[in-house]
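**Q** Handing you a structure now.
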Amino acid sequence: HTHEMLARNAGKSSGRPFEIKRIDHIVIRCRGFPEMFDFYHRVLGCTLDEPEGDHLNRFGGALTHLRAGESYIDLLSYDDGHLTGDGVAAVQRMHAGGVGTKRSLDDLALSAEESTLDHLCLRVRGFEMQSMIAYLESEGAQIVTSGDRRLGADGVGPSVYVRDPEGNVVELKGDPYPVAADQGDGQRKAKELQSTPPSRKEKTTRRKDEVATAKVESPPNEGIVQEVPSTPCNRICRYNGS
């Protein structure tokens, strides 16, 4: 019944006076700041807009802003060895999005396994799975898993999942594969990629036949075309068959 209620309410306007444009930034708490900074800055390639300015070690070492494409990854340091006295006070003020805490930083439990954030996904350019995995492993990073077809904001594409030094899972996602016009509305990017809209007959056939197949190009290194079931799960499921 919950699913039916969600389906009925999907797309309904709530009269909200704003519109979401994109994710601006995400803040990651860290116990070991040097290791986390090295991972996101050097290993993954996030950059500093103002390396000599206030984007690094702000507020006594409490906050560092790293650019990840159009967004920021902020590192909020709970590392006593990195923070100044003012930095400790700043973290206590900024804790939990500004709610703040009077507790000692050592008394605050930080756990990637128990966090409500499952994982962070970064879209990357120049994705080649085996070379990425080899590079990450050479840097001592733990590979969690990988897959050829993972659903993201722009469609289905390959991903590698890796843990940062404090156990948070980071998904590194490649460009989406081109999708046939009859793949289904579940992938928004397909609407931009299709050259001609499907005919009325094709739409009717697709509705009646839930197991109709849709051609999806395989990863470039395979050089073949695969047949995959065009089912609701195939169009919506985040793990999309791999």
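Labels used: A, B, ... for chains in the order of the structure tokens, numbers from 1 for residues in each chain, and numbers from 1 for ligands as shown.
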How would you write, as a ChimeraX atom specification, the set of residues in range 83-199 of chain A that DSSP gives as strand (DSSP E or B)?

**A** /A:120-123,142-152,155-163,169-173,179

**Q** Take the selection from the previous step and output its residues with N, CA and C atoms, as a PDB file, in the first residue's frame.

**A**
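As a result, selection.pdb now contains:
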ATOM      1  N   LEU A 120      28.723   7.941  -1.430  1.00  0.00           N
ATOM      2  CA  LEU A 120      28.839   9.149  -2.235  1.00  0.00           C
ATOM      3  C   LEU A 120      29.243   8.744  -3.640  1.00  0.00           C
ATOM      4  N   CYS A 121      28.614   9.303  -4.663  1.00  0.00           N
ATOM      5  CA  CYS A 121      28.940   8.963  -6.045  1.00  0.00           C
ATOM      6  C   CYS A 121      29.562  10.163  -6.753  1.00  0.00           C
ATOM      7  N   LEU A 122      30.725   9.932  -7.371  1.00  0.00           N
ATOM      8  CA  LEU A 122      31.411  10.955  -8.147  1.00  0.00           C
ATOM      9  C   LEU A 122      31.458  10.529  -9.605  1.00  0.00           C
ATOM     10  N   ARG A 123      30.991  11.386 -10.492  1.00  0.00           N
ATOM     11  CA  ARG A 123      31.072  11.127 -11.926  1.00  0.00           C
ATOM     12  C   ARG A 123      32.488  11.445 -12.403  1.00  0.00           C
ATOM     13  N   GLN A 142      40.859   0.275  -0.703  1.00  0.00           N
ATOM     14  CA  GLN A 142      40.102  -0.973  -0.709  1.00  0.00           C
ATOM     15  C   GLN A 142      38.971  -0.890  -1.731  1.00  0.00           C
ATOM     16  N   ILE A 143      38.983  -1.788  -2.707  1.00  0.00           N
ATOM     17  CA  ILE A 143      37.897  -1.860  -3.684  1.00  0.00           C
ATOM     18  C   ILE A 143      36.747  -2.646  -3.068  1.00  0.00           C
ATOM     19  N   VAL A 144      35.565  -2.066  -3.062  1.00  0.00           N
ATOM     20  CA  VAL A 144      34.390  -2.722  -2.492  1.00  0.00           C
ATOM     21  C   VAL A 144      33.740  -3.630  -3.523  1.00  0.00           C
ATOM     22  N   THR A 145      33.455  -3.073  -4.698  1.00  0.00           N
ATOM     23  CA  THR A 145      32.843  -3.833  -5.776  1.00  0.00           C
ATOM     24  C   THR A 145      32.918  -2.989  -7.040  1.00  0.00           C
ATOM     25  N   SER A 146      32.439  -3.549  -8.138  1.00  0.00           N
ATOM     26  CA  SER A 146      32.360  -2.810  -9.396  1.00  0.00           C
ATOM     27  C   SER A 146      31.228  -3.401 -10.216  1.00  0.00           C
ATOM     28  N   GLY A 147      30.794  -2.684 -11.239  1.00  0.00           N
ATOM     29  CA  GLY A 147      29.710  -3.180 -12.079  1.00  0.00           C
ATOM     30  C   GLY A 147      29.654  -2.447 -13.397  1.00  0.00           C
ATOM     31  N   ASP A 148      29.222  -3.149 -14.445  1.00  0.00           N
ATOM     32  CA  ASP A 148      29.131  -2.545 -15.768  1.00  0.00           C
ATOM     33  C   ASP A 148      27.897  -1.669 -15.934  1.00  0.00           C
ATOM     34  N   ARG A 149      26.829  -1.969 -15.194  1.00  0.00           N
ATOM     35  CA  ARG A 149      25.591  -1.211 -15.383  1.00  0.00           C
ATOM     36  C   ARG A 149      25.054  -0.760 -14.029  1.00  0.00           C
ATOM     37  N   ARG A 150      25.255   0.520 -13.748  1.00  0.00           N
ATOM     38  CA  ARG A 150      24.739   1.133 -12.532  1.00  0.00           C
ATOM     39  C   ARG A 150      23.945   2.367 -12.933  1.00  0.00           C
ATOM     40  N   LEU A 151      22.761   2.499 -12.378  1.00  0.00           N
ATOM     41  CA  LEU A 151      21.887   3.619 -12.735  1.00  0.00           C
ATOM     42  C   LEU A 151      22.309   4.880 -12.000  1.00  0.00           C
ATOM     43  N   GLY A 152      22.475   5.965 -12.743  1.00  0.00           N
ATOM     44  CA  GLY A 152      22.795   7.261 -12.159  1.00  0.00           C
ATOM     45  C   GLY A 152      21.905   8.333 -12.737  1.00  0.00           C
ATOM     46  N   GLY A 155      21.794   8.175 -16.614  1.00  0.00           N
ATOM     47  CA  GLY A 155      21.579   6.901 -17.281  1.00  0.00           C
ATOM     48  C   GLY A 155      22.417   5.797 -16.667  1.00  0.00           C
ATOM     49  N   VAL A 156      22.532   4.700 -17.392  1.00  0.00           N
ATOM     50  CA  VAL A 156      23.225   3.509 -16.896  1.00  0.00           C
ATOM     51  C   VAL A 156      24.658   3.478 -17.410  1.00  0.00           C
ATOM     52  N   GLY A 157      25.605   3.259 -16.513  1.00  0.00           N
ATOM     53  CA  GLY A 157      27.003   3.217 -16.903  1.00  0.00           C
ATOM     54  C   GLY A 157      27.820   2.421 -15.908  1.00  0.00           C
ATOM     55  N   PRO A 158      29.125   2.304 -16.133  1.00  0.00           N
ATOM     56  CA  PRO A 158      29.990   1.503 -15.268  1.00  0.00           C
ATOM     57  C   PRO A 158      30.402   2.248 -14.001  1.00  0.00           C
ATOM     58  N   SER A 159      30.689   1.495 -12.949  1.00  0.00           N
ATOM     59  CA  SER A 159      31.086   2.096 -11.675  1.00  0.00           C
ATOM     60  C   SER A 159      32.110   1.229 -10.964  1.00  0.00           C
ATOM     61  N   VAL A 160      32.960   1.879 -10.188  1.00  0.00           N
ATOM     62  CA  VAL A 160      33.857   1.214  -9.247  1.00  0.00           C
ATOM     63  C   VAL A 160      33.593   1.819  -7.874  1.00  0.00           C
ATOM     64  N   TYR A 161      33.438   0.962  -6.858  1.00  0.00           N
ATOM     65  CA  TYR A 161      33.184   1.423  -5.498  1.00  0.00           C
ATOM     66  C   TYR A 161      34.436   1.202  -4.659  1.00  0.00           C
ATOM     67  N   VAL A 162      34.859   2.236  -3.944  1.00  0.00           N
ATOM     68  CA  VAL A 162      36.090   2.180  -3.164  1.00  0.00           C
ATOM     69  C   VAL A 162      35.843   2.815  -1.799  1.00  0.00           C
ATOM     70  N   ARG A 163      36.592   2.371  -0.792  1.00  0.00           N
ATOM     71  CA  ARG A 163      36.472   2.974   0.537  1.00  0.00           C
ATOM     72  C   ARG A 163      37.534   4.048   0.728  1.00  0.00           C
ATOM     73  N   VAL A 169      32.104   4.722   1.649  1.00  0.00           N
ATOM     74  CA  VAL A 169      32.133   4.160   0.303  1.00  0.00           C
ATOM     75  C   VAL A 169      31.937   5.274  -0.724  1.00  0.00           C
ATOM     76  N   VAL A 170      32.838   5.339  -1.698  1.00  0.00           N
ATOM     77  CA  VAL A 170      32.771   6.324  -2.773  1.00  0.00           C
ATOM     78  C   VAL A 170      32.602   5.578  -4.094  1.00  0.00           C
ATOM     79  N   GLU A 171      31.545   5.896  -4.806  1.00  0.00           N
ATOM     80  CA  GLU A 171      31.313   5.304  -6.126  1.00  0.00           C
ATOM     81  C   GLU A 171      31.913   6.225  -7.190  1.00  0.00           C
ATOM     82  N   LEU A 172      32.793   5.676  -8.013  1.00  0.00           N
ATOM     83  CA  LEU A 172      33.365   6.413  -9.134  1.00  0.00           C
ATOM     84  C   LEU A 172      32.644   5.945 -10.385  1.00  0.00           C
ATOM     85  N   LYS A 173      31.904   6.840 -11.013  1.00  0.00           N
ATOM     86  CA  LYS A 173      30.969   6.462 -12.072  1.00  0.00           C
ATOM     87  C   LYS A 173      31.388   7.026 -13.421  1.00  0.00           C
ATOM     88  N   VAL A 179      21.624   4.730 -25.094  1.00  0.00           N
ATOM     89  CA  VAL A 179      20.462   3.893 -24.828  1.00  0.00           C
ATOM     90  C   VAL A 179      19.508   3.968 -25.998  1.00  0.00           C
TER      91      VAL A 179
END

**Q** Using DSSP on the backbone coordinates, identify the residues of range 21-216 of chain A assigned to helix (DSSP H, G or I); present them as a short mmCIF file (atom, residue, chain, number, x, y, z; two decimals) with N, CA, C and O atoms, in the first residue's frame.

**A**
data_model
loop_
_atom_site.label_atom_id
_atom_site.label_comp_id
_atom_site.auth_asym_id
_atom_site.auth_seq_id
_atom_site.Cartn_x
_atom_site.Cartn_y
_atom_site.Cartn_z
N PHE A 33 42.59 13.65 9.51
CA PHE A 33 42.51 14.61 8.42
C PHE A 33 43.58 14.42 7.35
O PHE A 33 43.27 14.44 6.16
N PRO A 34 44.87 14.24 7.69
CA PRO A 34 45.88 14.13 6.64
C PRO A 34 45.60 12.99 5.65
O PRO A 34 45.76 13.16 4.44
N GLU A 35 45.16 11.84 6.16
CA GLU A 35 44.89 10.70 5.29
C GLU A 35 43.67 10.96 4.40
O GLU A 35 43.68 10.61 3.22
N MET A 36 42.64 11.57 4.97
CA MET A 36 41.44 11.86 4.19
C MET A 36 41.72 12.92 3.13
O MET A 36 41.26 12.82 1.99
N PHE A 37 42.49 13.95 3.50
CA PHE A 37 42.83 14.99 2.53
C PHE A 37 43.66 14.41 1.39
O PHE A 37 43.43 14.70 0.21
N ASP A 38 44.61 13.55 1.72
CA ASP A 38 45.45 12.94 0.69
C ASP A 38 44.61 12.08 -0.26
O ASP A 38 44.80 12.12 -1.48
N PHE A 39 43.66 11.35 0.27
CA PHE A 39 42.82 10.47 -0.55
C PHE A 39 41.98 11.28 -1.53
O PHE A 39 41.98 11.01 -2.74
N TYR A 40 41.26 12.26 -1.04
CA TYR A 40 40.35 13.01 -1.92
C TYR A 40 41.10 13.99 -2.83
O TYR A 40 40.70 14.20 -3.98
N HIS A 41 42.21 14.56 -2.33
CA HIS A 41 42.95 15.55 -3.11
C HIS A 41 43.92 14.89 -4.09
O HIS A 41 43.85 15.12 -5.31
N ARG A 42 44.80 14.06 -3.60
CA ARG A 42 45.83 13.48 -4.47
C ARG A 42 45.36 12.23 -5.21
O ARG A 42 45.52 12.11 -6.42
N VAL A 43 44.74 11.28 -4.48
CA VAL A 43 44.36 10.01 -5.10
C VAL A 43 43.19 10.20 -6.06
O VAL A 43 43.24 9.76 -7.22
N ARG A 58 40.37 26.03 7.22
CA ARG A 58 39.64 27.18 7.77
C ARG A 58 39.33 26.95 9.25
O ARG A 58 39.22 25.84 9.71
N PHE A 59 39.14 28.05 9.95
CA PHE A 59 38.70 28.01 11.36
C PHE A 59 39.60 27.09 12.19
O PHE A 59 39.14 26.17 12.86
N GLY A 60 40.89 27.35 12.13
CA GLY A 60 41.82 26.57 12.95
C GLY A 60 41.95 25.12 12.53
O GLY A 60 42.20 24.25 13.36
N GLY A 61 41.79 24.87 11.23
CA GLY A 61 41.93 23.51 10.72
C GLY A 61 40.63 22.73 10.68
O GLY A 61 40.62 21.55 10.29
N GLY A 85 43.23 25.12 19.13
CA GLY A 85 42.19 25.30 20.14
C GLY A 85 40.95 25.94 19.55
O GLY A 85 39.81 25.55 19.85
N ASP A 86 41.16 26.95 18.69
CA ASP A 86 40.03 27.59 18.02
C ASP A 86 39.33 26.61 17.08
O ASP A 86 38.11 26.69 16.89
N GLY A 87 40.12 25.70 16.49
CA GLY A 87 39.54 24.71 15.59
C GLY A 87 38.60 23.76 16.31
O GLY A 87 37.54 23.41 15.79
N VAL A 88 38.98 23.33 17.49
CA VAL A 88 38.12 22.44 18.28
C VAL A 88 36.79 23.13 18.57
O VAL A 88 35.71 22.56 18.42
N ALA A 89 36.87 24.38 18.99
CA ALA A 89 35.65 25.14 19.29
C ALA A 89 34.79 25.31 18.03
O ALA A 89 33.56 25.25 18.10
N ALA A 90 35.45 25.51 16.88
CA ALA A 90 34.71 25.69 15.63
C ALA A 90 33.97 24.42 15.24
O ALA A 90 32.81 24.47 14.80
N VAL A 91 34.61 23.27 15.40
CA VAL A 91 33.95 22.00 15.07
C VAL A 91 32.76 21.77 16.01
O VAL A 91 31.70 21.31 15.57
N GLN A 92 32.94 22.10 17.28
CA GLN A 92 31.82 21.94 18.21
C GLN A 92 30.64 22.82 17.81
O GLN A 92 29.49 22.43 17.98
N ARG A 93 30.92 24.01 17.27
CA ARG A 93 29.84 24.89 16.81
C ARG A 93 29.20 24.36 15.54
O ARG A 93 27.98 24.44 15.37
N MET A 94 30.01 23.82 14.62
CA MET A 94 29.51 23.41 13.31
C MET A 94 28.92 21.99 13.28
O MET A 94 28.28 21.60 12.31
N HIS A 95 29.14 21.23 14.32
CA HIS A 95 28.71 19.83 14.37
C HIS A 95 27.23 19.68 14.01
O HIS A 95 26.39 20.48 14.42
N ALA A 96 26.94 18.66 13.19
CA ALA A 96 25.56 18.34 12.79
C ALA A 96 24.89 19.50 12.07
O ALA A 96 23.74 19.85 12.34
N GLY A 97 25.62 20.11 11.14
CA GLY A 97 25.03 21.17 10.32
C GLY A 97 24.77 22.46 11.06
O GLY A 97 23.92 23.25 10.63
N GLY A 98 25.48 22.69 12.15
CA GLY A 98 25.30 23.91 12.90
C GLY A 98 24.48 23.75 14.16
O GLY A 98 24.30 24.71 14.91
N LEU A 105 35.26 16.25 21.45
CA LEU A 105 35.30 15.60 20.14
C LEU A 105 35.63 14.13 20.26
O LEU A 105 35.18 13.30 19.45
N ASP A 106 36.41 13.76 21.29
CA ASP A 106 36.76 12.36 21.50
C ASP A 106 35.55 11.52 21.90
O ASP A 106 35.54 10.30 21.71
N ASP A 107 34.52 12.17 22.46
CA ASP A 107 33.33 11.44 22.90
C ASP A 107 32.31 11.25 21.79
O ASP A 107 31.32 10.53 21.97
N MET A 129 37.78 0.62 -16.40
CA MET A 129 37.63 -0.06 -15.12
C MET A 129 38.92 -0.71 -14.62
O MET A 129 39.32 -0.50 -13.47
N GLN A 130 39.57 -1.50 -15.45
CA GLN A 130 40.72 -2.25 -14.97
C GLN A 130 41.88 -1.34 -14.58
O GLN A 130 42.56 -1.56 -13.58
N SER A 131 42.12 -0.30 -15.37
CA SER A 131 43.22 0.61 -15.03
C SER A 131 42.88 1.41 -13.77
O SER A 131 43.77 1.71 -12.96
N MET A 132 41.59 1.75 -13.58
CA MET A 132 41.19 2.46 -12.36
C MET A 132 41.40 1.59 -11.13
O MET A 132 41.94 2.04 -10.12
N ILE A 133 40.97 0.34 -11.22
CA ILE A 133 41.10 -0.57 -10.09
C ILE A 133 42.59 -0.79 -9.76
O ILE A 133 42.99 -0.76 -8.59
N ALA A 134 43.40 -0.98 -10.80
CA ALA A 134 44.84 -1.18 -10.57
C ALA A 134 45.46 0.04 -9.90
O ALA A 134 46.28 -0.08 -8.97
N TYR A 135 45.07 1.25 -10.35
CA TYR A 135 45.61 2.47 -9.76
C TYR A 135 45.19 2.61 -8.30
O TYR A 135 46.03 2.89 -7.42
N LEU A 136 43.91 2.41 -8.02
CA LEU A 136 43.41 2.57 -6.66
C LEU A 136 44.05 1.56 -5.72
O LEU A 136 44.42 1.89 -4.59
N GLU A 137 44.20 0.33 -6.19
CA GLU A 137 44.84 -0.69 -5.35
C GLU A 137 46.30 -0.35 -5.11
O GLU A 137 46.83 -0.60 -4.02
N SER A 138 46.98 0.24 -6.11
CA SER A 138 48.38 0.62 -5.92
C SER A 138 48.53 1.72 -4.88
O SER A 138 49.59 1.89 -4.28
N ALA A 181 16.07 4.05 -28.13
CA ALA A 181 14.88 4.89 -27.88
C ALA A 181 13.81 4.14 -27.12
O ALA A 181 13.03 4.74 -26.38
N ASP A 182 13.74 2.81 -27.27
CA ASP A 182 12.67 2.07 -26.61
C ASP A 182 13.11 1.51 -25.26
O ASP A 182 12.50 0.60 -24.74
N GLN A 183 14.19 2.05 -24.68
CA GLN A 183 14.66 1.55 -23.40
C GLN A 183 13.66 1.86 -22.28
O GLN A 183 13.59 1.16 -21.32
N ARG A 188 16.18 9.14 -17.99
CA ARG A 188 15.87 10.45 -18.57
C ARG A 188 16.80 10.81 -19.70
O ARG A 188 16.42 11.48 -20.64
N LYS A 189 18.03 10.36 -19.60
CA LYS A 189 19.00 10.72 -20.62
C LYS A 189 18.62 10.13 -21.97
O LYS A 189 19.00 10.68 -23.02
N ALA A 190 17.87 9.04 -21.96
CA ALA A 190 17.47 8.41 -23.22
C ALA A 190 16.65 9.36 -24.08
O ALA A 190 16.71 9.33 -25.31
N LYS A 191 15.88 10.23 -23.43
CA LYS A 191 15.07 11.18 -24.19
C LYS A 191 15.93 12.13 -24.99
O LYS A 191 15.55 12.60 -26.06
N GLU A 192 17.12 12.45 -24.46
CA GLU A 192 18.01 13.36 -25.16
C GLU A 192 18.79 12.64 -26.27
O GLU A 192 19.13 13.24 -27.28
N LEU A 193 19.05 11.35 -26.06
CA LEU A 193 19.87 10.61 -26.99
C LEU A 193 19.09 10.05 -28.18
O LEU A 193 19.65 9.81 -29.24
N ARG A 200 3.40 4.95 -32.13
CA ARG A 200 2.32 4.58 -31.24
C ARG A 200 2.22 3.06 -31.11
O ARG A 200 1.96 2.52 -30.04
N LYS A 201 2.46 2.37 -32.21
CA LYS A 201 2.41 0.91 -32.19
C LYS A 201 3.49 0.34 -31.28
O LYS A 201 3.25 -0.59 -30.51
N GLU A 202 4.69 0.92 -31.34
CA GLU A 202 5.77 0.46 -30.50
C GLU A 202 5.47 0.68 -29.03
O GLU A 202 5.77 -0.15 -28.19
N LYS A 203 4.84 1.85 -28.72
CA LYS A 203 4.48 2.14 -27.34
C LYS A 203 3.47 1.12 -26.82
O LYS A 203 3.56 0.63 -25.70
N THR A 204 2.47 0.80 -27.64
CA THR A 204 1.44 -0.16 -27.24
C THR A 204 2.05 -1.52 -26.99
O THR A 204 1.74 -2.20 -26.00
N THR A 205 2.93 -1.94 -27.89
CA THR A 205 3.58 -3.23 -27.74
C THR A 205 4.41 -3.28 -26.46
O THR A 205 4.40 -4.27 -25.74
N ARG A 206 5.09 -2.16 -26.15
CA ARG A 206 5.92 -2.13 -24.97
C ARG A 206 5.10 -2.24 -23.70
O ARG A 206 5.49 -2.89 -22.73
N ARG A 207 3.91 -1.61 -23.67
CA ARG A 207 3.06 -1.68 -22.49
C ARG A 207 2.55 -3.10 -22.27
O ARG A 207 2.45 -3.57 -21.15
N LYS A 208 2.18 -3.80 -23.38
CA LYS A 208 1.60 -5.13 -23.26
C LYS A 208 2.65 -6.17 -22.91
O LYS A 208 2.37 -7.15 -22.24
#

**Q** Can you write out as a Markdown table which residues of range 54-150 of chain A fall within 6 Å of range 10-31 of chain A, alongside each residue's closest atom pair and its distance in Å to one decimal, counting only C-alpha atoms and ordering rows by chain and ascending residue number?

**A**
| residue | atom | partner | partner_atom | distance |
| --- | --- | --- | --- | --- |
| A:Ser71 | CA | A:Asp24 | CA | 5.0 |
| A:Tyr72 | CA | A:His25 | CA | 4.4 |
| A:Ile73 | CA | A:Ile26 | CA | 5.2 |
| A:Asp74 | CA | A:Val27 | CA | 4.6 |
| A:Leu75 | CA | A:Ile28 | CA | 5.1 |
| A:Leu76 | CA | A:Arg29 | CA | 4.8 |
| A:Ser77 | CA | A:Cys30 | CA | 5.1 |
| A:Tyr78 | CA | A:Arg31 | CA | 5.0 |
| A:Asp79 | CA | A:Arg31 | CA | 4.7 |

**Q** For each of A:Gly69, A:Gly100, A:Gly81, A:Pro178, take the minimum atom-to-atom distance to Arg125 in chain A, counting only C-alpha atoms, then give the residue where this is smallest.

**A**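 Once distances to Arg125 in chain A are computed over only C-alpha atoms, the minimum belongs to A:Gly69.
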
**Q** To one decimal place in Å, what is the distance between CA of Glu70 in chain A and CA of Asp175 in chain A?

**A**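 Going from CA of Glu70 in chain A over to CA of Asp175 in chain A covers 15.9 Å.
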
**Q** Measuring atom to atom with only C-alpha atoms, identify which of A:Leu63, A:Gly174, A:Lys102, A:Gly53 is nearest to Leu83 in chain A.

**A**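 Using only C-alpha atoms, the shortest distance to Leu83 in chain A belongs to A:Leu63.
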
**Q** What's the separation between CA of Thr116 in chain A and CA of Gly167 in chain A, in Å to one decimal place?

**A**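 Going from CA of Thr116 in chain A over to CA of Gly167 in chain A covers 13.5 Å.
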